[in-house]
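Student: Okay, so here is query21.txt, and as you'll see once you scroll down, it has compact mmCIF, C-alpha atoms and all ligand atoms.
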# COMPACT_ATOMS: atom_id res chain seq x y z
CA MET A 26 12.24 23.60 -7.22
CA THR A 27 10.76 22.01 -4.10
CA PRO A 28 8.21 19.35 -5.06
CA PHE A 29 4.83 19.54 -3.35
CA VAL A 30 5.25 16.05 -1.88
CA ARG A 31 8.41 14.03 -1.34
CA CYS A 32 8.23 10.49 -0.01
CA GLU A 33 11.56 9.34 1.41
CA LYS A 34 12.47 5.69 1.88
CA LEU A 35 8.92 4.61 2.69
CA SER A 36 8.47 0.97 3.69
CA LYS A 37 5.36 -0.89 4.72
CA TRP A 38 4.76 -4.47 5.84
CA TYR A 39 1.44 -6.23 6.02
CA GLY A 40 2.22 -9.07 8.38
CA GLY A 41 5.00 -10.92 6.57
CA VAL A 42 4.44 -9.16 3.23
CA LEU A 43 6.74 -6.27 2.39
CA ALA A 44 4.24 -4.22 0.33
CA LEU A 45 6.46 -1.17 -0.05
CA LYS A 46 10.24 -1.26 -0.03
CA ASP A 47 12.32 1.85 0.48
CA VAL A 48 10.37 4.00 -1.98
CA THR A 49 11.61 7.52 -2.61
CA VAL A 50 9.45 9.50 -5.02
CA GLU A 51 8.32 13.07 -5.61
CA PHE A 52 4.97 14.36 -6.76
CA GLY A 53 3.87 17.83 -7.81
CA ARG A 54 7.02 19.30 -9.34
CA GLY A 55 5.10 22.36 -10.40
CA ALA A 56 1.56 21.54 -11.48
CA GLU A 57 2.02 18.10 -12.97
CA ILE A 58 0.18 14.87 -13.57
CA VAL A 59 2.10 11.78 -12.51
CA GLY A 60 0.87 8.45 -13.80
CA LEU A 61 1.53 5.72 -11.23
CA VAL A 62 1.52 2.33 -12.91
CA GLY A 63 2.44 -1.27 -12.23
CA ASP A 64 0.98 -4.74 -12.12
CA ASN A 65 -1.55 -5.83 -9.47
CA GLY A 66 0.15 -6.06 -6.09
CA ALA A 67 2.98 -3.68 -7.08
CA GLY A 68 2.33 -1.45 -4.07
CA LYS A 69 0.59 1.51 -5.76
CA SER A 70 -2.42 1.58 -3.43
CA THR A 71 -0.19 1.04 -0.41
CA LEU A 72 1.85 4.14 -1.29
CA ILE A 73 -1.35 6.13 -1.80
CA LYS A 74 -2.89 4.89 1.45
CA ILE A 75 0.16 6.17 3.32
CA LEU A 76 -0.12 9.58 1.62
CA SER A 77 -3.85 9.80 2.27
CA GLY A 78 -3.58 8.87 5.95
CA ALA A 79 -5.38 5.54 5.67
CA HIS A 80 -2.34 3.53 6.89
CA PRO A 81 0.89 4.65 8.52
CA ALA A 82 4.25 3.75 6.97
CA ASP A 83 6.56 1.54 9.00
CA GLN A 84 9.63 3.44 7.88
CA GLY A 85 10.47 6.61 6.04
CA ARG A 86 9.16 10.14 6.01
CA ILE A 87 6.96 12.47 4.01
CA LEU A 88 7.77 16.08 3.21
CA VAL A 89 5.14 18.57 2.04
CA ASP A 90 6.51 21.80 0.57
CA GLY A 91 9.91 20.76 1.87
CA ARG A 92 8.82 20.28 5.47
CA GLU A 93 8.41 16.94 7.19
CA VAL A 94 4.78 16.22 8.06
CA ARG A 95 3.16 13.43 10.02
CA ILE A 96 0.16 12.04 8.22
CA ARG A 97 -1.73 9.92 10.73
CA SER A 98 -5.30 10.33 9.50
CA PRO A 99 -7.22 11.30 6.37
CA ARG A 100 -7.76 14.68 8.03
CA ASP A 101 -3.98 15.27 8.32
CA SER A 102 -3.68 14.48 4.63
CA MET A 103 -6.51 16.83 3.62
CA ASN A 104 -5.06 19.57 5.84
CA ALA A 105 -1.79 19.17 3.96
CA GLY A 106 -3.71 19.85 0.72
CA ILE A 107 -3.99 16.28 -0.54
CA GLU A 108 -7.42 15.09 -1.71
CA THR A 109 -7.77 11.37 -2.41
CA ILE A 110 -10.47 9.85 -4.56
CA TYR A 111 -10.92 6.13 -4.20
CA GLN A 112 -13.20 4.14 -6.40
CA TYR A 113 -15.70 3.38 -3.67
CA THR A 114 -14.95 5.17 -0.45
CA ALA A 115 -14.76 8.85 -1.36
CA MET A 116 -18.49 9.35 -0.84
CA VAL A 117 -21.25 8.50 1.60
CA PRO A 118 -23.83 7.17 -0.89
CA ALA A 119 -26.95 7.86 1.15
CA MET A 120 -26.03 11.49 1.78
CA SER A 121 -26.69 14.38 -0.59
CA ILE A 122 -24.19 15.79 -3.04
CA ALA A 123 -23.91 18.96 -0.95
CA ARG A 124 -23.25 17.03 2.28
CA ASN A 125 -20.63 14.92 0.51
CA ILE A 126 -18.81 18.02 -0.72
CA PHE A 127 -18.72 19.50 2.78
CA ILE A 128 -18.18 16.27 4.68
CA GLY A 129 -16.03 17.06 7.72
CA ARG A 130 -15.88 20.74 6.73
CA GLU A 131 -19.54 21.77 7.14
CA ILE A 132 -20.72 25.37 7.10
CA THR A 133 -22.73 26.29 10.18
CA ARG A 134 -24.78 29.31 11.18
CA GLY A 135 -26.20 30.76 14.39
CA PRO A 136 -24.59 30.60 17.82
CA ARG A 137 -21.89 28.01 18.23
CA ILE A 138 -22.33 25.94 21.35
CA ALA A 139 -19.42 23.69 22.30
CA GLY A 140 -18.02 24.31 18.83
CA CYS A 141 -21.21 23.18 17.09
CA GLY A 142 -23.75 25.27 15.17
CA PHE A 143 -26.71 24.59 12.91
CA LEU A 144 -25.80 23.28 9.47
CA ASP A 145 -26.31 26.01 6.90
CA ARG A 146 -27.87 23.83 4.20
CA THR A 147 -28.79 26.80 2.01
CA ALA A 148 -25.21 28.06 1.86
CA MET A 149 -23.80 24.57 1.29
CA GLY A 150 -26.37 23.89 -1.45
CA ARG A 151 -25.56 27.14 -3.24
CA ILE A 152 -21.79 26.60 -3.06
CA ALA A 153 -22.21 22.98 -4.14
CA VAL A 154 -24.06 24.07 -7.29
CA GLU A 155 -21.31 26.60 -8.09
CA ALA A 156 -18.55 24.06 -7.47
CA LEU A 157 -20.25 21.48 -9.69
CA ALA A 158 -20.78 24.00 -12.49
CA LYS A 159 -16.99 24.54 -12.51
CA VAL A 160 -16.53 20.90 -13.45
CA GLU A 161 -19.40 21.14 -15.94
CA LEU A 162 -21.69 18.95 -13.86
CA HIS A 163 -25.20 20.32 -13.91
CA LEU A 164 -27.18 18.02 -11.67
CA ARG A 165 -30.84 18.30 -10.76
CA SER A 166 -30.33 19.35 -7.17
CA PRO A 167 -27.51 19.45 -4.60
CA GLU A 168 -29.90 17.52 -2.36
CA THR A 169 -29.76 14.46 -4.67
CA PRO A 170 -28.30 11.46 -2.81
CA VAL A 171 -24.93 10.46 -4.24
CA GLN A 172 -26.17 6.86 -4.69
CA GLU A 173 -28.36 8.11 -7.56
CA LEU A 174 -25.31 9.37 -9.50
CA SER A 175 -23.30 7.49 -12.10
CA GLY A 176 -19.69 6.57 -11.38
CA GLY A 177 -18.45 9.45 -13.56
CA GLU A 178 -20.72 11.94 -11.80
CA ARG A 179 -19.40 10.79 -8.43
CA GLN A 180 -15.85 11.41 -9.58
CA GLY A 181 -17.03 14.86 -10.69
CA VAL A 182 -18.41 15.61 -7.23
CA ALA A 183 -15.11 14.57 -5.64
CA ILE A 184 -13.17 16.73 -8.09
CA ALA A 185 -15.49 19.69 -7.38
CA ARG A 186 -14.71 19.16 -3.71
CA ALA A 187 -10.98 19.27 -4.38
CA ILE A 188 -11.31 22.53 -6.33
CA HIS A 189 -13.57 24.16 -3.77
CA PHE A 190 -11.23 23.41 -0.88
CA ARG A 191 -8.19 24.44 -2.96
CA SER A 192 -6.42 21.13 -2.66
CA LYS A 193 -2.88 21.21 -3.99
CA MET A 194 -2.89 17.65 -5.19
CA LEU A 195 -5.51 15.15 -6.18
CA VAL A 196 -4.86 11.42 -5.87
CA LEU A 197 -6.98 9.13 -8.00
CA ASP A 198 -6.59 5.39 -7.39
CA GLU A 199 -7.97 3.49 -10.37
CA PRO A 200 -10.68 6.12 -10.99
CA THR A 201 -11.66 4.73 -14.36
CA ASN A 202 -12.47 1.17 -13.26
CA HIS A 203 -16.07 0.36 -14.08
CA LEU A 204 -16.60 3.65 -15.92
CA SER A 205 -17.93 3.89 -19.45
CA VAL A 206 -15.62 5.19 -22.18
CA LYS A 207 -17.44 8.53 -22.12
CA GLU A 208 -17.18 8.83 -18.34
CA THR A 209 -13.53 7.83 -18.44
CA ASN A 210 -12.77 10.58 -20.93
CA LYS A 211 -14.55 13.08 -18.72
CA VAL A 212 -12.44 12.12 -15.69
CA LEU A 213 -9.26 12.39 -17.79
CA GLU A 214 -10.40 15.85 -18.97
CA PHE A 215 -11.06 16.96 -15.39
CA VAL A 216 -7.55 15.99 -14.35
CA VAL A 217 -6.06 17.98 -17.22
CA GLN A 218 -8.26 20.98 -16.35
CA LEU A 219 -7.07 20.81 -12.74
CA ARG A 220 -3.47 21.01 -13.89
CA GLU A 221 -4.37 24.21 -15.76
CA GLN A 222 -5.63 25.56 -12.44
CA GLY A 223 -2.34 24.65 -10.75
CA ILE A 224 -3.52 21.43 -9.09
CA SER A 225 -1.25 18.40 -9.46
CA SER A 226 -2.53 14.84 -9.67
CA ILE A 227 -1.33 11.33 -9.06
CA PHE A 228 -3.28 9.14 -11.42
CA ILE A 229 -3.19 5.39 -10.82
CA SER A 230 -4.43 3.05 -13.47
CA HIS A 231 -3.54 -0.36 -14.79
CA ASN A 232 -4.65 0.94 -18.20
CA LEU A 233 -1.61 2.59 -19.77
CA HIS A 234 -3.78 3.95 -22.57
CA HIS A 235 -5.60 6.09 -19.98
CA VAL A 236 -2.53 7.24 -18.07
CA TYR A 237 0.03 7.81 -20.79
CA PRO A 238 -1.66 10.58 -22.83
CA ILE A 239 -2.38 12.83 -19.84
CA SER A 240 0.75 12.29 -17.73
CA ASP A 241 3.76 14.58 -17.57
CA ARG A 242 5.76 11.88 -15.83
CA ILE A 243 5.27 8.17 -15.23
CA VAL A 244 6.37 6.26 -12.13
CA VAL A 245 6.48 2.49 -12.46
CA MET A 246 6.30 0.16 -9.48
CA ALA A 247 6.95 -3.57 -9.24
CA ARG A 248 6.98 -5.82 -6.16
CA GLY A 249 6.87 -2.86 -3.78
CA GLU A 250 9.71 -0.95 -5.40
CA LYS A 251 9.95 2.01 -7.73
CA ILE A 252 11.56 0.66 -10.88
CA ALA A 253 11.24 3.68 -13.18
CA ASP A 254 10.53 7.40 -12.97
CA VAL A 255 10.49 8.96 -16.44
CA GLU A 256 9.20 12.00 -18.28
CA ARG A 257 6.45 10.98 -20.64
CA ALA A 258 8.43 12.24 -23.62
CA GLN A 259 11.26 9.83 -22.74
CA THR A 260 9.11 6.72 -22.87
CA SER A 261 6.23 5.07 -24.71
CA VAL A 262 3.27 2.79 -24.01
CA ASP A 263 5.28 -0.12 -25.45
CA ALA A 264 8.34 0.55 -23.32
CA LEU A 265 6.17 0.88 -20.20
CA THR A 266 4.30 -2.32 -21.01
CA ARG A 267 7.60 -4.20 -21.24
CA MET A 268 8.61 -2.89 -17.80
CA ILE A 269 5.36 -3.93 -16.19
CA VAL A 270 4.89 -7.46 -17.52
N1 LIG A 301 -4.59 -4.75 3.96
C1 LIG A 301 -3.67 -5.63 3.49
N2 LIG A 301 -3.34 -6.74 4.20
C2 LIG A 301 -2.42 -7.60 3.76
N3 LIG A 301 -1.75 -7.47 2.59
C3 LIG A 301 -2.05 -6.41 1.84
C4 LIG A 301 -3.03 -5.44 2.23
N4 LIG A 301 -3.10 -4.49 1.27
C5 LIG A 301 -2.21 -4.84 0.31
N5 LIG A 301 -1.59 -5.99 0.66
C6 LIG A 301 -0.52 -6.65 -0.14
O1 LIG A 301 0.47 -5.69 -0.39
C7 LIG A 301 0.96 -5.80 -1.72
C8 LIG A 301 0.75 -4.48 -2.47
O2 LIG A 301 -0.64 -4.28 -2.66
P1 LIG A 301 -1.26 -2.96 -3.26
O3 LIG A 301 -0.56 -1.78 -2.70
O4 LIG A 301 -2.72 -3.02 -3.09
O5 LIG A 301 -0.88 -3.09 -4.81
P2 LIG A 301 -1.48 -2.38 -6.12
O6 LIG A 301 -2.36 -1.26 -5.68
O7 LIG A 301 -0.28 -1.94 -6.88
O8 LIG A 301 -2.23 -3.45 -6.85
C9 LIG A 301 0.25 -6.98 -2.32
O9 LIG A 301 1.06 -8.11 -2.14
C10 LIG A 301 -1.00 -7.09 -1.50
O10 LIG A 301 -1.49 -8.40 -1.48
MG MG A 302 -4.41 -0.85 -6.06
Let's see the structure in the file written out as structure tokens.
Ligand SMILES: Nc1ncnc2c1ncn2[C@@H]1O[C@H](COP(=O)(O)OP(=O)(O)O)[C@@H](O)[C@H]1O
Ligand SMILES: [Mg+2]
Tutor:
Amino acid sequence: MTPFVRCEKLSKWYGGVLALKDVTVEFGRGAEIVGLVGDNGAGKSTLIKILSGAHPADQGRILVDGREVRIRSPRDSMNAGIETIYQYTAMVPAMSIARNIFIGREITRGPRIAGCGFLDRTAMGRIAVEALAKVELHLRSPETPVQELSGGERQGVAIARAIHFRSKMLVLDEPTNHLSVKETNKVLEFVVQLREQGISSIFISHNLHHVYPISDRIVVMARGEKIADVERAQTSVDALTRMIV
């Protein structure tokens, strides 16, 4: 079976630091959750930044559905069906929930002049409410600025966005940092629900107790290299901890 994403021999330098070294890894073998783990500085975020179009790789290639793609911007990544949720940058805090869901993909109405039309706020508000209800988020109004939401609610908005735009894969880089236990559990539940809807995830966390229970497969990185790639059933939290430290 062709995996949704295949990274082949990706390398990345930051000045003199080799942050990623010849990494070959697949994600989305069917609808699956891959836990990406490793100590601080292991290269997890670097790999994800390449996939999400934040930074180019220096070497290697990326295949989506078996075909080589060039990911040079976040838009290229989204167009390929990859939705990335960072801890802080997924949202524009001062803008409404509805605008954040449709950011870069706004619905317009009326005559289009030079490719632009009037924003259809009513339609975006209605769809935003429907999308949020799907992730069991019932917020006061789609016009609420995102800065008034809790961390867990913001993750919910980003997940609603991924579902609405039929992303194939969601990438979450340390999504549970700074979240309460309750909010963390909610994010973990969302990711499992997405898998039931056929959406794969890459879930990065330094907390093995968050990643292990929900993952189908675990990829371990250390010093820029992939050092293990195992089915969850073939490993344990203890064995993973020994690899990481
Ligand atoms: N923008 C950057 N500039 C310079 N070095 C960086 C930058 N981003 C990451 N690095 C370095 O690359 C290595 C991998 O970092 P990173 O991918 O963030 O690791 P992780 O997410 O696993 O903690 C580290 O040595 C880190 O210091
Ligand atoms: Mg990181």
Student: Return as a list in words the residues of protein, DNA or RNA that approach ligand LIG 301 (chain A) to within 6 Å, with only C-alpha atoms and all ligand atoms taken into account.
Tutor: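 Result of the 6 Å neighbour search around ligand LIG 301 (chain A): Tyr39, Ala44, Asn65, Gly66, Ala67, Gly68, Lys69, Ser70 and Thr71 of chain A.
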Student: The selected residues should be written to file as a compact mmCIF listing (two decimals), in the frame of the given file (atoms: C-alpha atoms).
Tutor:
# COMPACT_ATOMS: atom_id res chain seq x y z
CA TYR A 39 1.44 -6.23 6.02
CA ALA A 44 4.24 -4.22 0.33
CA ASN A 65 -1.55 -5.83 -9.47
CA GLY A 66 0.15 -6.06 -6.09
CA ALA A 67 2.98 -3.68 -7.08
CA GLY A 68 2.33 -1.45 -4.07
CA LYS A 69 0.59 1.51 -5.76
CA SER A 70 -2.42 1.58 -3.43
CA THR A 71 -0.19 1.04 -0.41
Student: So how many Å separate CA of Lys34 in chain A and CA of Arg191 in chain A, to one decimal?
Tutor: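 Those two atoms sit 28.3 Å apart.
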Student: Show me, as number ranges by chain, the residues that have an atom within 12 Å of Ile126 in chain A when counting all atoms listed in the file, minus same-chain residues fewer than 4 positions from it.
Tutor: A: 108, 115-118, 120-122, 130-132, 146, 149-157, 167-168, 170-171, 179-190
Student: Hey, which residues come within 12 Å of ligand MG 302 (chain A) if we count all atoms listed in the file? Could you give them as a compact mmCIF listing (two decimals) with C-alpha atoms, keeping the file's coordinate frame?
Tutor:
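Contents of part.txt, as written:
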# COMPACT_ATOMS: atom_id res chain seq x y z
CA ALA A 44 4.24 -4.22 0.33
CA LEU A 61 1.53 5.72 -11.23
CA VAL A 62 1.52 2.33 -12.91
CA GLY A 63 2.44 -1.27 -12.23
CA ASP A 64 0.98 -4.74 -12.12
CA ASN A 65 -1.55 -5.83 -9.47
CA GLY A 66 0.15 -6.06 -6.09
CA ALA A 67 2.98 -3.68 -7.08
CA GLY A 68 2.33 -1.45 -4.07
CA LYS A 69 0.59 1.51 -5.76
CA SER A 70 -2.42 1.58 -3.43
CA THR A 71 -0.19 1.04 -0.41
CA LEU A 72 1.85 4.14 -1.29
CA ILE A 73 -1.35 6.13 -1.80
CA LYS A 74 -2.89 4.89 1.45
CA TYR A 111 -10.92 6.13 -4.20
CA GLN A 112 -13.20 4.14 -6.40
CA LEU A 197 -6.98 9.13 -8.00
CA ASP A 198 -6.59 5.39 -7.39
CA GLU A 199 -7.97 3.49 -10.37
CA PRO A 200 -10.68 6.12 -10.99
CA ASN A 202 -12.47 1.17 -13.26
CA PHE A 228 -3.28 9.14 -11.42
CA ILE A 229 -3.19 5.39 -10.82
CA SER A 230 -4.43 3.05 -13.47
CA HIS A 231 -3.54 -0.36 -14.79
CA MET A 246 6.30 0.16 -9.48
CA GLY A 249 6.87 -2.86 -3.78
Student: Just the residues within 9 Å of range 218-220 of chain A, please, counting only C-alpha atoms, with nothing from its chain fewer than 3 positions along; format it as a PDB file with C-alpha atoms, in the frame of the given file.
Tutor:
ATOM      1  CA  ALA A  56       1.560  21.540 -11.480  1.00  0.00           C
ATOM      2  CA  GLU A  57       2.020  18.100 -12.970  1.00  0.00           C
ATOM      3  CA  ILE A  58       0.180  14.870 -13.570  1.00  0.00           C
ATOM      4  CA  VAL A 160     -16.530  20.900 -13.450  1.00  0.00           C
ATOM      5  CA  ILE A 184     -13.170  16.730  -8.090  1.00  0.00           C
ATOM      6  CA  ILE A 188     -11.310  22.530  -6.330  1.00  0.00           C
ATOM      7  CA  LEU A 195      -5.510  15.150  -6.180  1.00  0.00           C
ATOM      8  CA  LEU A 213      -9.260  12.390 -17.790  1.00  0.00           C
ATOM      9  CA  GLU A 214     -10.400  15.850 -18.970  1.00  0.00           C
ATOM     10  CA  PHE A 215     -11.060  16.960 -15.390  1.00  0.00           C
ATOM     11  CA  GLY A 223      -2.340  24.650 -10.750  1.00  0.00           C
ATOM     12  CA  ILE A 224      -3.520  21.430  -9.090  1.00  0.00           C
ATOM     13  CA  SER A 225      -1.250  18.400  -9.460  1.00  0.00           C
ATOM     14  CA  SER A 226      -2.530  14.840  -9.670  1.00  0.00           C
TER      15      SER A 226
END
Student: Can you tell me, as a list in words, which residues sit within 12 Å of (3.9, 2.5, -25.2) in the file's frame, using all atoms listed in the file?
Tutor: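 So the residues meeting the distance criterion are Asn232, Leu233, His234, His235, Val236, Tyr237, Pro238, Ile243, Arg257, Ala258, Gln259, Thr260, Ser261, Val262, Asp263, Ala264, Leu265, Thr266, Arg267, Met268 and Ile269 of chain A.
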Student: Select range 67-78 of chain A in the preceding structure and write all heavy atoms to a file as a PDB file, in the first residue's frame.
Tutor:
ATOM      1  N   ALA A  67      16.101  16.683  18.893  1.00  0.00           N
ATOM      2  CA  ALA A  67      16.247  15.451  18.104  1.00  0.00           C
ATOM      3  C   ALA A  67      15.983  15.675  16.616  1.00  0.00           C
ATOM      4  O   ALA A  67      16.393  14.870  15.782  1.00  0.00           O
ATOM      5  CB  ALA A  67      15.311  14.371  18.640  1.00  0.00           C
ATOM      6  N   GLY A  68      15.257  16.765  16.301  1.00  0.00           N
ATOM      7  CA  GLY A  68      14.966  17.037  14.892  1.00  0.00           C
ATOM      8  C   GLY A  68      13.498  16.855  14.520  1.00  0.00           C
ATOM      9  O   GLY A  68      13.143  16.949  13.340  1.00  0.00           O
ATOM     10  N   LYS A  69      12.640  16.626  15.509  1.00  0.00           N
ATOM     11  CA  LYS A  69      11.217  16.377  15.239  1.00  0.00           C
ATOM     12  C   LYS A  69      10.568  17.593  14.566  1.00  0.00           C
ATOM     13  O   LYS A  69       9.915  17.461  13.531  1.00  0.00           O
ATOM     14  CB  LYS A  69      10.466  16.052  16.553  1.00  0.00           C
ATOM     15  CG  LYS A  69      11.093  14.932  17.362  1.00  0.00           C
ATOM     16  CD  LYS A  69      10.319  14.658  18.645  1.00  0.00           C
ATOM     17  CE  LYS A  69      10.292  15.798  19.664  1.00  0.00           C
ATOM     18  NZ  LYS A  69      11.606  16.168  20.235  1.00  0.00           N
ATOM     19  N   SER A  70      10.756  18.768  15.170  1.00  0.00           N
ATOM     20  CA  SER A  70      10.120  19.967  14.604  1.00  0.00           C
ATOM     21  C   SER A  70      10.704  20.304  13.238  1.00  0.00           C
ATOM     22  O   SER A  70       9.994  20.781  12.348  1.00  0.00           O
ATOM     23  CB  SER A  70      10.273  21.165  15.543  1.00  0.00           C
ATOM     24  OG  SER A  70       9.546  20.944  16.729  1.00  0.00           O
ATOM     25  N   THR A  71      11.990  20.037  13.072  1.00  0.00           N
ATOM     26  CA  THR A  71      12.618  20.310  11.770  1.00  0.00           C
ATOM     27  C   THR A  71      11.954  19.466  10.682  1.00  0.00           C
ATOM     28  O   THR A  71      11.610  19.974   9.613  1.00  0.00           O
ATOM     29  CB  THR A  71      14.134  20.014  11.847  1.00  0.00           C
ATOM     30  OG1 THR A  71      14.694  20.843  12.864  1.00  0.00           O
ATOM     31  CG2 THR A  71      14.830  20.284  10.533  1.00  0.00           C
ATOM     32  N   LEU A  72      11.740  18.190  10.955  1.00  0.00           N
ATOM     33  CA  LEU A  72      11.081  17.309   9.986  1.00  0.00           C
ATOM     34  C   LEU A  72       9.684  17.837   9.648  1.00  0.00           C
ATOM     35  O   LEU A  72       9.281  17.899   8.483  1.00  0.00           O
ATOM     36  CB  LEU A  72      11.007  15.888  10.576  1.00  0.00           C
ATOM     37  CG  LEU A  72      10.271  14.835   9.756  1.00  0.00           C
ATOM     38  CD1 LEU A  72      10.915  14.650   8.388  1.00  0.00           C
ATOM     39  CD2 LEU A  72      10.237  13.501  10.497  1.00  0.00           C
ATOM     40  N   ILE A  73       8.968  18.239  10.694  1.00  0.00           N
ATOM     41  CA  ILE A  73       7.600  18.729  10.523  1.00  0.00           C
ATOM     42  C   ILE A  73       7.573  20.061   9.785  1.00  0.00           C
ATOM     43  O   ILE A  73       6.702  20.317   8.957  1.00  0.00           O
ATOM     44  CB  ILE A  73       6.926  18.812  11.931  1.00  0.00           C
ATOM     45  CG1 ILE A  73       6.179  17.539  12.246  1.00  0.00           C
ATOM     46  CG2 ILE A  73       6.013  19.992  12.085  1.00  0.00           C
ATOM     47  CD1 ILE A  73       6.514  16.330  11.508  1.00  0.00           C
ATOM     48  N   LYS A  74       8.565  20.916  10.044  1.00  0.00           N
ATOM     49  CA  LYS A  74       8.611  22.206   9.340  1.00  0.00           C
ATOM     50  C   LYS A  74       8.845  21.995   7.843  1.00  0.00           C
ATOM     51  O   LYS A  74       8.331  22.749   7.019  1.00  0.00           O
ATOM     52  CB  LYS A  74       9.699  23.100   9.936  1.00  0.00           C
ATOM     53  CG  LYS A  74       9.237  23.720  11.247  1.00  0.00           C
ATOM     54  CD  LYS A  74      10.326  24.547  11.886  1.00  0.00           C
ATOM     55  CE  LYS A  74       9.861  25.080  13.228  1.00  0.00           C
ATOM     56  NZ  LYS A  74      11.002  25.411  14.095  1.00  0.00           N
ATOM     57  N   ILE A  75       9.600  20.974   7.496  1.00  0.00           N
ATOM     58  CA  ILE A  75       9.816  20.681   6.081  1.00  0.00           C
ATOM     59  C   ILE A  75       8.502  20.205   5.445  1.00  0.00           C
ATOM     60  O   ILE A  75       8.105  20.659   4.382  1.00  0.00           O
ATOM     61  CB  ILE A  75      10.946  19.640   5.912  1.00  0.00           C
ATOM     62  CG1 ILE A  75      12.278  20.267   6.345  1.00  0.00           C
ATOM     63  CG2 ILE A  75      11.017  19.135   4.474  1.00  0.00           C
ATOM     64  CD1 ILE A  75      13.415  19.275   6.468  1.00  0.00           C
ATOM     65  N   LEU A  76       7.795  19.313   6.157  1.00  0.00           N
ATOM     66  CA  LEU A  76       6.520  18.796   5.634  1.00  0.00           C
ATOM     67  C   LEU A  76       5.452  19.879   5.523  1.00  0.00           C
ATOM     68  O   LEU A  76       4.587  19.811   4.654  1.00  0.00           O
ATOM     69  CB  LEU A  76       5.982  17.707   6.564  1.00  0.00           C
ATOM     70  CG  LEU A  76       6.413  16.282   6.306  1.00  0.00           C
ATOM     71  CD1 LEU A  76       5.702  15.356   7.273  1.00  0.00           C
ATOM     72  CD2 LEU A  76       6.102  15.896   4.865  1.00  0.00           C
ATOM     73  N   SER A  77       5.512  20.844   6.439  1.00  0.00           N
ATOM     74  CA  SER A  77       4.454  21.866   6.458  1.00  0.00           C
ATOM     75  C   SER A  77       4.817  23.082   5.613  1.00  0.00           C
ATOM     76  O   SER A  77       4.039  24.030   5.548  1.00  0.00           O
ATOM     77  CB  SER A  77       4.167  22.287   7.896  1.00  0.00           C
ATOM     78  OG  SER A  77       5.293  22.924   8.435  1.00  0.00           O
ATOM     79  N   GLY A  78       5.981  23.066   4.992  1.00  0.00           N
ATOM     80  CA  GLY A  78       6.344  24.161   4.094  1.00  0.00           C
ATOM     81  C   GLY A  78       6.940  25.374   4.788  1.00  0.00           C
ATOM     82  O   GLY A  78       7.082  26.428   4.174  1.00  0.00           O
TER      83      GLY A  78
END
